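Chemist: Have a peek at entry_10.tsv (TSV, C-alpha atoms and all ligand atoms).
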```tsv
chain	number	residue	atom	x	y	z
A	1	MET	CA	52.92	-40.54	69.41
A	2	SER	CA	54.07	-37.53	67.50
A	3	LYS	CA	51.75	-36.48	64.70
A	4	ASP	CA	54.49	-34.94	62.59
A	5	TRP	CA	56.16	-37.21	60.13
A	6	THR	CA	59.85	-37.44	59.58
A	7	PRO	CA	61.53	-40.06	57.40
A	8	GLU	CA	63.28	-41.47	60.49
A	9	ARG	CA	59.97	-42.19	62.22
A	10	GLY	CA	58.79	-44.42	59.36
A	11	ALA	CA	55.35	-45.30	58.04
A	12	ALA	CA	53.91	-46.72	61.28
A	13	HIS	CA	53.32	-43.21	62.55
A	14	CYS	CA	51.10	-42.34	59.58
A	15	VAL	CA	48.34	-44.89	59.99
A	16	ALA	CA	46.26	-42.77	62.36
A	17	TRP	CA	46.28	-39.78	60.02
A	18	PRO	CA	43.51	-39.06	57.51
A	19	LEU	CA	44.03	-39.67	53.81
A	20	VAL	CA	43.68	-36.71	51.49
A	21	TYR	CA	43.53	-36.75	47.74
A	22	ASP	CA	46.00	-34.74	45.68
A	23	PRO	CA	44.09	-34.20	42.40
A	24	PRO	CA	46.85	-32.93	40.12
A	25	ASN	CA	49.04	-35.90	40.95
A	26	ARG	CA	46.14	-38.35	41.28
A	27	VAL	CA	47.51	-39.83	44.46
A	28	PHE	CA	46.32	-40.22	47.99
A	29	MET	CA	48.56	-39.03	50.73
A	30	VAL	CA	48.55	-38.84	54.47
A	31	ALA	CA	47.41	-35.48	55.85
A	32	ARG	CA	50.21	-34.32	58.10
A	33	ARG	CA	49.57	-31.64	60.60
A	34	ASN	CA	52.21	-29.53	58.95
A	35	MET	CA	51.10	-30.43	55.45
A	36	GLU	CA	51.48	-27.72	52.86
A	37	PRO	CA	47.99	-26.34	52.24
A	38	ALA	CA	48.81	-26.23	48.52
A	39	ALA	CA	49.06	-30.02	48.47
A	40	MET	CA	45.44	-30.42	49.57
A	41	MET	CA	42.43	-29.94	47.36
A	42	ARG	CA	40.98	-26.47	47.62
A	43	VAL	CA	37.30	-25.86	47.19
A	44	TRP	CA	35.74	-22.57	46.09
A	45	ILE	CA	32.73	-21.53	48.16
A	46	ASN	CA	31.09	-18.14	47.68
A	47	GLY	CA	34.25	-16.37	46.59
A	48	HIS	CA	36.79	-18.02	48.90
A	49	LEU	CA	39.06	-21.03	48.48
A	50	TYR	CA	38.98	-23.40	51.45
A	51	SER	CA	41.07	-26.46	52.16
A	52	GLU	CA	39.14	-29.69	51.64
A	53	ARG	CA	38.91	-30.06	55.43
A	54	ASP	CA	37.33	-26.64	55.89
A	55	ALA	CA	35.05	-26.68	52.85
A	56	LYS	CA	31.67	-26.81	54.57
A	57	ILE	CA	28.18	-25.47	54.10
A	58	SER	CA	25.30	-25.23	56.54
A	59	VAL	CA	23.18	-28.27	57.44
A	60	PHE	CA	20.22	-25.90	56.94
A	61	ASP	CA	21.05	-25.39	53.27
A	62	HIS	CA	18.08	-26.49	51.18
A	63	GLY	CA	20.49	-28.11	48.74
A	64	LEU	CA	21.02	-30.71	51.46
A	65	LEU	CA	17.56	-30.68	53.06
A	66	TYR	CA	15.58	-30.91	49.80
A	67	GLY	CA	18.00	-31.41	46.92
A	68	ASP	CA	17.00	-27.86	46.00
A	69	GLY	CA	19.67	-26.57	43.67
A	70	VAL	CA	21.37	-27.18	40.35
A	71	PHE	CA	24.76	-28.38	39.20
A	72	GLU	CA	27.09	-29.04	36.31
A	73	GLY	CA	29.89	-31.53	35.75
A	74	ILE	CA	32.54	-30.13	33.44
A	75	ARG	CA	35.82	-31.55	32.13
A	76	ALA	CA	39.18	-29.93	31.62
A	77	TYR	CA	41.47	-31.34	28.96
A	78	ASN	CA	44.99	-30.30	28.17
A	79	GLY	CA	44.86	-27.11	30.26
A	80	ARG	CA	41.50	-25.92	28.93
A	81	VAL	CA	37.97	-26.12	30.27
A	82	PHE	CA	35.91	-27.98	27.69
A	83	LEU	CA	32.68	-26.35	26.42
A	84	LEU	CA	32.45	-24.07	29.47
A	85	ASP	CA	29.98	-21.65	27.86
A	86	GLU	CA	27.62	-24.52	27.01
A	87	HIS	CA	27.76	-25.80	30.60
A	88	LEU	CA	27.10	-22.33	32.00
A	89	GLU	CA	24.21	-21.85	29.60
A	90	ARG	CA	22.65	-25.08	30.86
A	91	LEU	CA	23.36	-24.16	34.49
A	92	TRP	CA	21.62	-20.81	34.08
A	93	ASN	CA	18.68	-22.48	32.32
A	94	SER	CA	18.36	-25.10	35.08
A	95	ALA	CA	18.45	-22.32	37.68
A	96	LYS	CA	15.83	-20.32	35.82
A	97	ALA	CA	13.56	-23.37	35.63
A	98	ILE	CA	13.61	-23.71	39.43
A	99	ALA	CA	13.40	-19.93	40.03
A	100	LEU	CA	16.89	-19.76	41.52
A	101	THR	CA	19.01	-16.66	41.10
A	102	ILE	CA	22.71	-17.40	40.67
A	103	PRO	CA	24.51	-14.70	42.66
A	104	LEU	CA	27.34	-14.30	40.11
A	105	SER	CA	27.58	-13.00	36.59
A	106	ARG	CA	28.63	-15.47	33.89
A	107	GLU	CA	32.01	-13.76	33.66
A	108	GLU	CA	32.50	-14.02	37.44
A	109	MET	CA	31.56	-17.70	37.27
A	110	ILE	CA	34.08	-18.33	34.50
A	111	GLN	CA	36.82	-16.63	36.55
A	112	ALA	CA	35.82	-18.63	39.65
A	113	VAL	CA	36.03	-21.91	37.70
A	114	LEU	CA	39.44	-20.99	36.28
A	115	ASP	CA	40.73	-19.83	39.70
A	116	THR	CA	39.64	-23.14	41.25
A	117	CYS	CA	41.39	-25.11	38.50
A	118	ARG	CA	44.56	-23.07	38.99
A	119	ALA	CA	44.43	-23.45	42.78
A	120	ASN	CA	44.28	-27.21	42.34
A	121	ARG	CA	46.75	-27.34	39.44
A	122	VAL	CA	44.12	-29.07	37.33
A	123	ARG	CA	44.99	-29.42	33.64
A	124	ASP	CA	43.08	-32.62	32.92
A	125	GLY	CA	40.29	-33.09	35.38
A	126	TYR	CA	36.69	-32.80	36.36
A	127	ILE	CA	34.97	-29.74	37.76
A	128	ARG	CA	31.78	-29.91	39.81
A	129	LEU	CA	29.85	-26.66	39.92
A	130	VAL	CA	27.02	-26.62	42.47
A	131	VAL	CA	24.52	-23.88	43.21
A	132	THR	CA	22.30	-24.54	46.21
A	133	ARG	CA	19.16	-22.67	47.25
A	134	GLY	CA	20.95	-21.48	50.38
A	135	ILE	CA	20.31	-21.57	54.09
A	136	GLY	CA	16.64	-21.74	55.06
A	137	THR	CA	14.21	-22.93	57.65
A	138	LEU	CA	13.08	-26.54	58.07
A	139	GLY	CA	10.09	-25.81	55.84
A	140	LEU	CA	10.16	-26.14	52.05
A	141	ASN	CA	9.62	-22.47	51.23
A	142	PRO	CA	12.59	-21.47	49.07
A	143	TYR	CA	11.75	-17.78	49.50
A	144	HIS	CA	12.81	-18.03	53.14
A	145	CYS	CA	16.33	-18.99	52.11
A	146	THR	CA	19.35	-16.72	52.11
A	147	GLN	CA	20.98	-16.21	48.78
A	148	ALA	CA	22.16	-19.18	46.74
A	149	GLN	CA	25.49	-20.76	47.68
A	150	VAL	CA	28.04	-21.48	44.95
A	151	ILE	CA	30.51	-24.35	45.33
A	152	ILE	CA	33.22	-25.31	42.84
A	153	ILE	CA	35.27	-28.50	43.21
A	154	ALA	CA	38.07	-29.22	40.76
A	155	GLY	CA	39.41	-32.76	40.91
A	156	THR	CA	39.22	-35.91	38.86
A	157	ILE	CA	36.62	-38.53	38.07
A	158	GLN	CA	36.71	-42.08	36.70
A	159	LEU	CA	33.12	-43.18	36.16
A	160	TYR	CA	33.85	-46.67	34.82
A	161	PRO	CA	37.03	-48.80	35.01
A	162	ALA	CA	39.51	-47.95	32.22
A	163	GLU	CA	39.37	-51.45	30.71
A	164	LEU	CA	35.64	-51.08	29.96
A	165	TYR	CA	36.48	-48.37	27.44
A	166	GLU	CA	38.37	-51.05	25.49
A	167	GLN	CA	36.03	-53.98	26.13
A	168	GLY	CA	32.68	-52.19	26.33
A	169	MET	CA	30.13	-52.44	29.09
A	170	ALA	CA	27.06	-54.55	29.88
A	171	VAL	CA	23.94	-52.62	30.84
A	172	VAL	CA	20.35	-53.45	31.80
A	173	THR	CA	17.08	-51.62	31.46
A	174	VAL	CA	15.52	-50.95	34.84
A	175	GLY	CA	12.05	-50.72	36.34
A	176	THR	CA	12.56	-47.19	37.66
A	177	HIS	CA	11.08	-44.84	35.08
A	178	ARG	CA	12.77	-41.59	34.17
A	179	ASN	CA	11.15	-38.63	35.90
A	180	LEU	CA	8.09	-37.30	34.09
A	181	PRO	CA	8.90	-34.07	32.24
A	182	GLU	CA	5.70	-32.59	33.65
A	183	ALA	CA	6.84	-33.44	37.21
A	184	VAL	CA	10.61	-32.77	37.45
A	185	ASN	CA	11.79	-32.17	33.92
A	186	PRO	CA	14.93	-34.26	33.27
A	187	ARG	CA	16.29	-31.27	31.36
A	188	ILE	CA	16.81	-29.57	34.72
A	189	LYS	CA	20.16	-30.71	36.06
A	190	SER	CA	19.04	-30.45	39.64
A	191	LEU	CA	20.62	-31.62	42.88
A	192	ASN	CA	17.75	-34.09	43.23
A	193	TYR	CA	19.22	-37.19	41.58
A	194	LEU	CA	17.22	-39.82	43.48
A	195	ASN	CA	15.53	-40.96	40.25
A	196	ASN	CA	18.99	-41.70	38.82
A	197	VAL	CA	20.30	-43.16	42.08
A	198	LEU	CA	17.38	-45.62	42.31
A	199	ALA	CA	18.03	-46.73	38.74
A	200	LYS	CA	21.76	-47.10	39.45
A	201	ILE	CA	20.97	-49.25	42.49
A	202	GLU	CA	18.91	-51.56	40.28
A	203	ALA	CA	21.78	-51.84	37.81
A	204	ILE	CA	24.34	-52.64	40.50
A	205	ASN	CA	21.99	-55.15	42.11
A	206	SER	CA	21.74	-56.83	38.70
A	207	GLY	CA	25.51	-57.15	38.56
A	208	VAL	CA	26.27	-54.40	36.02
A	209	MET	CA	27.54	-50.85	36.37
A	210	GLU	CA	25.05	-48.94	34.25
A	211	CYS	CA	21.42	-48.95	33.21
A	212	ILE	CA	19.05	-47.55	30.65
A	213	LEU	CA	15.96	-45.81	32.01
A	214	LEU	CA	12.72	-45.88	30.06
A	215	ASN	CA	10.09	-43.20	30.39
A	216	ALA	CA	6.58	-43.84	31.66
A	217	GLN	CA	5.47	-44.83	28.12
A	218	GLY	CA	8.24	-47.41	27.87
A	219	TYR	CA	10.41	-45.43	25.44
A	220	VAL	CA	14.17	-45.19	25.93
A	221	ALA	CA	15.18	-42.05	27.84
A	222	GLU	CA	18.85	-42.22	28.87
A	223	ALA	CA	21.34	-43.89	31.20
A	224	SER	CA	21.65	-42.96	34.88
A	225	GLY	CA	24.12	-40.19	34.10
A	226	ASP	CA	24.74	-40.49	30.35
A	227	ASN	CA	22.88	-40.16	27.06
A	228	VAL	CA	22.37	-43.13	24.80
A	229	PHE	CA	22.94	-43.56	21.06
A	230	ALA	CA	22.04	-46.47	18.77
A	231	VAL	CA	23.92	-46.99	15.50
A	232	HIS	CA	22.10	-48.55	12.57
A	233	GLY	CA	24.38	-48.66	9.52
A	234	ARG	CA	25.50	-45.07	8.92
A	235	THR	CA	22.67	-43.60	11.02
A	236	LEU	CA	22.93	-42.56	14.65
A	237	VAL	CA	19.73	-42.30	16.66
A	238	THR	CA	19.30	-40.77	20.11
A	239	PRO	CA	16.09	-40.08	22.06
A	240	PRO	CA	14.68	-36.55	21.91
A	241	THR	CA	14.78	-34.67	25.20
A	242	TRP	CA	10.98	-34.88	25.53
A	243	CYS	CA	11.39	-38.64	25.98
A	244	GLY	CA	13.16	-37.88	29.26
A	245	ALA	CA	16.77	-37.21	28.28
A	246	LEU	CA	19.01	-34.46	29.54
A	247	ARG	CA	20.28	-32.38	26.64
A	248	GLY	CA	23.80	-33.64	27.13
A	249	ILE	CA	26.66	-31.43	26.12
A	250	THR	CA	28.68	-34.47	25.08
A	251	ARG	CA	25.60	-35.70	23.19
A	252	ASP	CA	25.47	-32.43	21.24
A	253	ALA	CA	29.22	-32.50	20.56
A	254	VAL	CA	29.03	-36.11	19.33
A	255	MET	CA	26.08	-35.25	17.08
A	256	ARG	CA	28.04	-32.37	15.54
A	257	LEU	CA	31.14	-34.54	15.06
A	258	ALA	CA	29.09	-37.36	13.51
A	259	VAL	CA	27.38	-35.02	11.05
A	260	GLY	CA	30.81	-33.65	10.12
A	261	LEU	CA	32.00	-37.21	9.47
A	262	GLY	CA	29.08	-37.84	7.11
A	263	TYR	CA	26.79	-39.92	9.34
A	264	GLU	CA	23.07	-39.30	9.41
A	265	VAL	CA	22.07	-38.22	12.90
A	266	ARG	CA	18.49	-38.33	14.12
A	267	GLU	CA	16.57	-37.76	17.33
A	268	ASP	CA	13.86	-40.40	17.44
A	269	VAL	CA	11.64	-42.30	19.81
A	270	MET	CA	13.14	-45.71	20.59
A	271	THR	CA	11.92	-48.79	22.36
A	272	ARG	CA	14.17	-51.42	23.92
A	273	TYR	CA	13.80	-53.37	20.67
A	274	ASP	CA	15.58	-50.59	18.76
A	275	LEU	CA	18.54	-50.91	21.12
A	276	TYR	CA	18.61	-54.72	21.09
A	277	VAL	CA	18.83	-54.87	17.27
A	278	ALA	CA	21.22	-51.94	16.80
A	279	ASP	CA	24.63	-52.54	15.21
A	280	GLU	CA	26.18	-50.57	18.05
A	281	VAL	CA	25.05	-48.76	21.18
A	282	PHE	CA	27.15	-46.26	23.07
A	283	LEU	CA	26.72	-43.85	25.97
A	284	THR	CA	27.96	-40.28	26.18
A	285	GLY	CA	28.51	-37.94	29.09
A	286	THR	CA	30.99	-35.50	30.53
A	287	ALA	CA	32.11	-37.94	33.19
A	288	ALA	CA	31.63	-41.08	31.06
A	289	GLU	CA	32.96	-39.56	27.83
A	290	ILE	CA	32.10	-42.18	25.14
A	291	ILE	CA	31.73	-45.82	26.10
A	292	GLY	CA	30.49	-48.74	24.01
A	293	VAL	CA	27.72	-51.05	25.21
A	294	THR	CA	28.21	-54.77	24.64
A	295	THR	CA	25.03	-56.28	26.06
A	296	ILE	CA	21.63	-54.92	27.06
A	297	ASP	CA	19.45	-57.19	29.19
A	298	ARG	CA	21.85	-59.98	28.14
A	299	ARG	CA	21.19	-59.43	24.41
A	300	THR	CA	24.54	-59.07	22.66
A	301	ILE	CA	24.82	-55.81	20.74
A	302	GLY	CA	26.61	-56.21	17.40
A	303	ASP	CA	29.54	-58.54	17.88
A	304	GLY	CA	29.70	-57.85	21.62
A	305	ARG	CA	32.54	-55.33	21.43
A	306	PRO	CA	32.65	-51.56	20.94
A	307	GLY	CA	31.97	-51.21	17.21
A	308	PRO	CA	33.84	-49.21	14.56
A	309	VAL	CA	31.52	-46.18	14.72
A	310	THR	CA	31.80	-45.98	18.51
A	311	ARG	CA	35.58	-46.28	18.35
A	312	ARG	CA	35.87	-43.72	15.59
A	313	LEU	CA	33.67	-41.20	17.40
A	314	ALA	CA	35.53	-41.78	20.67
A	315	GLY	CA	38.82	-41.05	18.90
A	316	GLU	CA	37.47	-37.95	17.17
A	317	PHE	CA	35.90	-36.74	20.40
A	318	ALA	CA	39.17	-37.17	22.33
A	319	ALA	CA	41.08	-35.19	19.68
A	320	TYR	CA	38.42	-32.45	19.64
A	321	ALA	CA	38.31	-32.23	23.45
A	322	ARG	CA	42.08	-31.84	23.68
A	323	SER	CA	42.18	-29.08	21.08
A	324	THR	CA	39.52	-26.66	22.29
A	325	GLY	CA	38.27	-24.91	25.42
A	326	THR	CA	38.75	-21.96	27.74
A	327	PRO	CA	42.44	-21.75	28.77
A	328	ILE	CA	42.97	-22.24	32.50
A	329	ASP	CA	46.18	-20.23	32.57
A	330	PRO	CA	46.16	-16.76	31.06
A	331	GLU	CA	47.43	-16.77	27.49
A	332	PRO	CA	50.97	-15.34	27.36
A	333	ALA	CA	51.02	-11.77	26.04
A	334	PRO	CA	52.16	-11.63	22.41
A	335	ARG	CA	55.89	-10.91	22.12
A	336	ARG	CA	56.62	-7.31	21.15
A	337	ARG	CA	58.68	-7.06	18.00
A	338	ARG	CA	62.03	-5.50	18.72
A	339	GLY	CA	61.89	-1.77	18.13
A	340	ALA	CA	58.08	-1.71	18.14
A	341	ALA	CA	57.95	0.62	21.19
A	342	ALA	CA	60.09	3.23	19.47
A	343	ARG	CA	57.60	3.68	16.63
B	1	LIG	C1	21.03	-37.72	33.72
B	1	LIG	C2	22.14	-37.35	32.81
B	1	LIG	N1	22.02	-37.59	31.50
B	1	LIG	C3	23.00	-37.29	30.64
B	1	LIG	C4	24.17	-36.71	31.06
B	1	LIG	C5	25.25	-36.36	30.07
B	1	LIG	O1	25.29	-34.96	29.89
B	1	LIG	P1	26.65	-34.22	29.59
B	1	LIG	O2	27.18	-34.78	28.33
B	1	LIG	O3	26.27	-32.79	29.46
B	1	LIG	O4	27.55	-34.48	30.73
B	1	LIG	C6	24.35	-36.43	32.42
B	1	LIG	C7	25.56	-35.79	32.92
B	1	LIG	O5	25.62	-34.62	33.07
B	1	LIG	C8	23.31	-36.75	33.31
B	1	LIG	O6	23.42	-36.51	34.61
```
Using structure tokens, write down the structure that the file contains.

Modeler:
Amino acid sequence: MSKDWTPERGAAHCVAWPLVYDPPNRVFMVARRNMEPAAMMRVWINGHLYSERDAKISVFDHGLLYGDGVFEGIRAYNGRVFLLDEHLERLWNSAKAIALTIPLSREEMIQAVLDTCRANRVRDGYIRLVVTRGIGTLGLNPYHCTQAQVIIIAGTIQLYPAELYEQGMAVVTVGTHRNLPEAVNPRIKSLNYLNNVLAKIEAINSGVMECILLNAQGYVAEASGDNVFAVHGRTLVTPPTWCGALRGITRDAVMRLAVGLGYEVREDVMTRYDLYVADEVFLTGTAAEIIGVTTIDRRTIGDGRPGPVTRRLAGEFAAYARSTGTPIDPEPAPRRRRGAAAR
């Protein structure tokens, strides 16, 4: 059977071919042998763009062997990368905390992110920036590794089904505690997400898509990949990072927006009780954006729908996200006024 598709041959010839995802158009297509490379996702690895098929790193990389590395998830909206400096600041801080040297300057990293977005024609999408410890031996010692490897993927993400943003989402608290800050500090956005994965498994096994993790003292920390807010009247409360929360960039943006809208915003220690009796609870995250919580451990929150504060903040956040960021395409040069050169 010929592997090259022509309209005359029909669809039956395609079934043996692998599916590839075309991020800008959000469609899957069949990978033809003669497929235009530009139609496939391209992944940036250490300064080069590879087709999705060829984007590979060593099986001896300690990012794979030990989860030794750091990452960021970043969104692009409306042709701009949202809060890129904040994400890079956190990436560099995470790397510093695990004694990992990122082999690029911040400016080089910004250019690499923008190049990857352009190569994939991403205007609205999701960027995954990964820095691994590099290739090492089978022992733990990170000082035996080659230099860190940098990977940038620019595609899309849909964390929860679209209808849940309208209807809200049921969550449960889980038995898996958030990592102890004195063991692996949850402020480090490391490649070791087993703590979060175990919690997510508990949630899914309970029939819901998301969970709230408590810390070892039983205080609310965060969701498996999102921060959590409780609304009481005109006050928003979110756990401080020392309770086991990542300092979310969406969390910070929402706090700033809420203060600007006249809400009182506090970081405070919370128990499950504080969530159960809240008027509203919502989660924030780069991938999740803002999503309302309708039940926690089968206790209905508010009237069981995303409340007015959640909806207002989600609307304000969407408008803010679409109006700011680092442009992916170079800004057009300002038009010269006619006759300006002569002067
Ligand atoms: C564990 C965890 N908490 C919270 C968040 C939300 O942080 P951000 O808003 O920066 O995406 C994330 C996602 O990055 C996360 O992985």

Chemist: Fewer than 3 positions away in the same chain doesn't count, so skip those; otherwise give me all residues within 10 Å of A:Thr295, counting all atoms listed in the file, as a PyMOL selection string.

Modeler: chain A and resi 168-172+275-276+280-281+292+298-305

Chemist: Residues within 7 Å of ligand LIG 1 (chain B) should be enumerated using all atoms listed in the file and returned as a CSV table (one decimal) with C-alpha atoms, in the frame of the given file.

Modeler:
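The resulting pocket_15.csv:
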```
chain,number,residue,atom,x,y,z
A,72,GLU,CA,27.1,-29.0,36.3
A,73,GLY,CA,29.9,-31.5,35.8
A,189,LYS,CA,20.2,-30.7,36.1
A,196,ASN,CA,19.0,-41.7,38.8
A,222,GLU,CA,18.8,-42.2,28.9
A,223,ALA,CA,21.3,-43.9,31.2
A,224,SER,CA,21.6,-43.0,34.9
A,225,GLY,CA,24.1,-40.2,34.1
A,226,ASP,CA,24.7,-40.5,30.4
A,227,ASN,CA,22.9,-40.2,27.1
A,245,ALA,CA,16.8,-37.2,28.3
A,246,LEU,CA,19.0,-34.5,29.5
A,247,ARG,CA,20.3,-32.4,26.6
A,248,GLY,CA,23.8,-33.6,27.1
A,249,ILE,CA,26.7,-31.4,26.1
A,250,THR,CA,28.7,-34.5,25.1
A,251,ARG,CA,25.6,-35.7,23.2
A,284,THR,CA,28.0,-40.3,26.2
A,285,GLY,CA,28.5,-37.9,29.1
A,286,THR,CA,31.0,-35.5,30.5
A,287,ALA,CA,32.1,-37.9,33.2
```

Chemist: Using atom CA of A:Arg311 and atom CA of A:Arg266 as the two end points, give the distance in Å to one decimal.

Modeler: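 Separation of atom CA of A:Arg311 and atom CA of A:Arg266: 19.3 Å.
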
Chemist: From the options A:Val174, A:Ala203, A:Val70, A:Ala162, which residue's atoms come nearest to A:Ala99, counting all atoms listed in the file?

Modeler: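 For A:Ala99, the nearest of the candidates is A:Val70.
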
Chemist: To one decimal place in Å, what is the distance between atom CA of A:Cys243 and atom CA of A:Asn215?

Modeler: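 Separation of atom CA of A:Cys243 and atom CA of A:Asn215: 6.5 Å.
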
Chemist: Given the point (27.2, -31.9, 47.5) in the coordinates of this file, which residues lie within 9 Å, counting all atoms listed in the file, and how would they look as a ChimeraX atom specification?

Modeler: /A:63-64,130,132,151,191

Chemist: In Å, how far is it from atom CA of A:Glu107 to atom CA of A:Ile157?

Modeler: 25.6 Å

Chemist: Using all atoms listed in the file, which protein or nucleic acid residues come within 12 Å of A:Val131? Drop anything in the same chain fewer than 6 positions from it, and give the result as a PyMOL selection string.

Modeler: chain A and resi 44-46+57+61-64+67-73+88+91-92+94-96+98+100-104+109+147-153+189-191

Chemist: A:Met209, A:Met40, A:Ala76, A:Val228: which is nearest A:Arg272, counting all atoms listed in the file?

Modeler: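 Closest residue, counting all atoms listed in the file: A:Val228.
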
Chemist: Nearest residue to A:Leu180 out of A:Ala278, A:Ala216, A:Ala199, A:Leu194, using all atoms listed in the file?

Modeler: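 Nearest to A:Leu180: A:Ala216.
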
Chemist: Any chance you could work out the axis-aligned box around stretch 133-138 of chain A, listed atoms only, 6 Å on each side, giving centre and edge lengths in Å to one decimal, as lines of an AutoDock Vina configuration file?

Modeler:
```
center_x = 17.0
center_y = -24.0
center_z = 52.7
size_x = 19.9
size_y = 17.1
size_z = 22.8
```

Chemist: From the set A:Gly244, A:Gly79, A:Gly233, A:Gly136, which residue has the shortest atom-to-atom contact distance to A:Asp279, counting all atoms listed in the file?

Modeler: A:Gly233

Chemist: Do a neighbour search on A:Leu257 at 12 Å with only C-alpha atoms, toss out local chain neighbours closer than 3 positions, and write the hits as number ranges by chain.

Modeler: A: 236, 250-254, 260-265, 309-310, 312-321

Chemist: With C-alpha atoms kept, could you save the residues just selected as a PDB file, keeping the file's coordinate frame?

Modeler:
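The new file out-v7.pdb reads:
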```pdb
ATOM      1  CA  LEU A 236      22.930 -42.560  14.650  1.00  0.00           C
ATOM      2  CA  THR A 250      28.680 -34.470  25.080  1.00  0.00           C
ATOM      3  CA  ARG A 251      25.600 -35.700  23.190  1.00  0.00           C
ATOM      4  CA  ASP A 252      25.470 -32.430  21.240  1.00  0.00           C
ATOM      5  CA  ALA A 253      29.220 -32.500  20.560  1.00  0.00           C
ATOM      6  CA  VAL A 254      29.030 -36.110  19.330  1.00  0.00           C
ATOM      7  CA  GLY A 260      30.810 -33.650  10.120  1.00  0.00           C
ATOM      8  CA  LEU A 261      32.000 -37.210   9.470  1.00  0.00           C
ATOM      9  CA  GLY A 262      29.080 -37.840   7.110  1.00  0.00           C
ATOM     10  CA  TYR A 263      26.790 -39.920   9.340  1.00  0.00           C
ATOM     11  CA  GLU A 264      23.070 -39.300   9.410  1.00  0.00           C
ATOM     12  CA  VAL A 265      22.070 -38.220  12.900  1.00  0.00           C
ATOM     13  CA  VAL A 309      31.520 -46.180  14.720  1.00  0.00           C
ATOM     14  CA  THR A 310      31.800 -45.980  18.510  1.00  0.00           C
ATOM     15  CA  ARG A 312      35.870 -43.720  15.590  1.00  0.00           C
ATOM     16  CA  LEU A 313      33.670 -41.200  17.400  1.00  0.00           C
ATOM     17  CA  ALA A 314      35.530 -41.780  20.670  1.00  0.00           C
ATOM     18  CA  GLY A 315      38.820 -41.050  18.900  1.00  0.00           C
ATOM     19  CA  GLU A 316      37.470 -37.950  17.170  1.00  0.00           C
ATOM     20  CA  PHE A 317      35.900 -36.740  20.400  1.00  0.00           C
ATOM     21  CA  ALA A 318      39.170 -37.170  22.330  1.00  0.00           C
ATOM     22  CA  ALA A 319      41.080 -35.190  19.680  1.00  0.00           C
ATOM     23  CA  TYR A 320      38.420 -32.450  19.640  1.00  0.00           C
ATOM     24  CA  ALA A 321      38.310 -32.230  23.450  1.00  0.00           C
TER      25      ALA A 321
END
```

Chemist: Which of these, A:Asn93, A:Ser51, A:Thr176, A:Gln167, has the shortest distance to A:Thr116 once you count all atoms listed in the file?

Modeler: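 So, comparing all the options, the nearest one is A:Ser51.
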
Chemist: Using all atoms listed in the file, which residue out of A:His232, A:Ile188, A:Pro142, A:Ile296 lies closest to A:Cys211?

Modeler: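 The closest residue to A:Cys211 is A:Ile296.
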
Chemist: Using the incomplete input, complete stretch 92-103 of chain A to the level of N, CA and C atoms; output as a PDB file, keeping the file's coordinate frame.

Modeler:
```
ATOM      1  N   TRP A  92      22.512 -21.964  33.922  1.00  0.00           N
ATOM      2  CA  TRP A  92      21.620 -20.810  34.080  1.00  0.00           C
ATOM      3  C   TRP A  92      20.188 -21.204  33.709  1.00  0.00           C
ATOM      4  N   ASN A  93      20.032 -22.045  32.687  1.00  0.00           N
ATOM      5  CA  ASN A  93      18.680 -22.480  32.320  1.00  0.00           C
ATOM      6  C   ASN A  93      18.062 -23.352  33.406  1.00  0.00           C
ATOM      7  N   SER A  94      18.868 -24.260  33.981  1.00  0.00           N
ATOM      8  CA  SER A  94      18.360 -25.100  35.080  1.00  0.00           C
ATOM      9  C   SER A  94      17.928 -24.211  36.249  1.00  0.00           C
ATOM     10  N   ALA A  95      18.756 -23.209  36.553  1.00  0.00           N
ATOM     11  CA  ALA A  95      18.450 -22.320  37.680  1.00  0.00           C
ATOM     12  C   ALA A  95      17.166 -21.549  37.401  1.00  0.00           C
ATOM     13  N   LYS A  96      17.025 -21.078  36.167  1.00  0.00           N
ATOM     14  CA  LYS A  96      15.830 -20.320  35.820  1.00  0.00           C
ATOM     15  C   LYS A  96      14.580 -21.200  35.991  1.00  0.00           C
ATOM     16  N   ALA A  97      14.706 -22.460  35.563  1.00  0.00           N
ATOM     17  CA  ALA A  97      13.560 -23.370  35.630  1.00  0.00           C
ATOM     18  C   ALA A  97      13.114 -23.605  37.071  1.00  0.00           C
ATOM     19  N   ILE A  98      14.029 -23.513  38.027  1.00  0.00           N
ATOM     20  CA  ILE A  98      13.610 -23.710  39.430  1.00  0.00           C
ATOM     21  C   ILE A  98      13.551 -22.370  40.189  1.00  0.00           C
ATOM     22  N   ALA A  99      13.533 -21.276  39.437  1.00  0.00           N
ATOM     23  CA  ALA A  99      13.400 -19.930  40.030  1.00  0.00           C
ATOM     24  C   ALA A  99      14.499 -19.644  41.050  1.00  0.00           C
ATOM     25  N   LEU A 100      15.722 -19.972  40.655  1.00  0.00           N
ATOM     26  CA  LEU A 100      16.890 -19.760  41.520  1.00  0.00           C
ATOM     27  C   LEU A 100      17.779 -18.702  40.874  1.00  0.00           C
ATOM     28  N   THR A 101      18.134 -17.705  41.642  1.00  0.00           N
ATOM     29  CA  THR A 101      19.010 -16.660  41.100  1.00  0.00           C
ATOM     30  C   THR A 101      20.455 -16.992  41.457  1.00  0.00           C
ATOM     31  N   ILE A 102      21.281 -17.131  40.431  1.00  0.00           N
ATOM     32  CA  ILE A 102      22.710 -17.400  40.670  1.00  0.00           C
ATOM     33  C   ILE A 102      23.376 -16.073  41.025  1.00  0.00           C
ATOM     34  N   PRO A 103      24.037 -16.005  42.180  1.00  0.00           N
ATOM     35  CA  PRO A 103      24.510 -14.700  42.660  1.00  0.00           C
ATOM     36  C   PRO A 103      25.827 -14.244  42.017  1.00  0.00           C
TER      37      PRO A 103
END
```
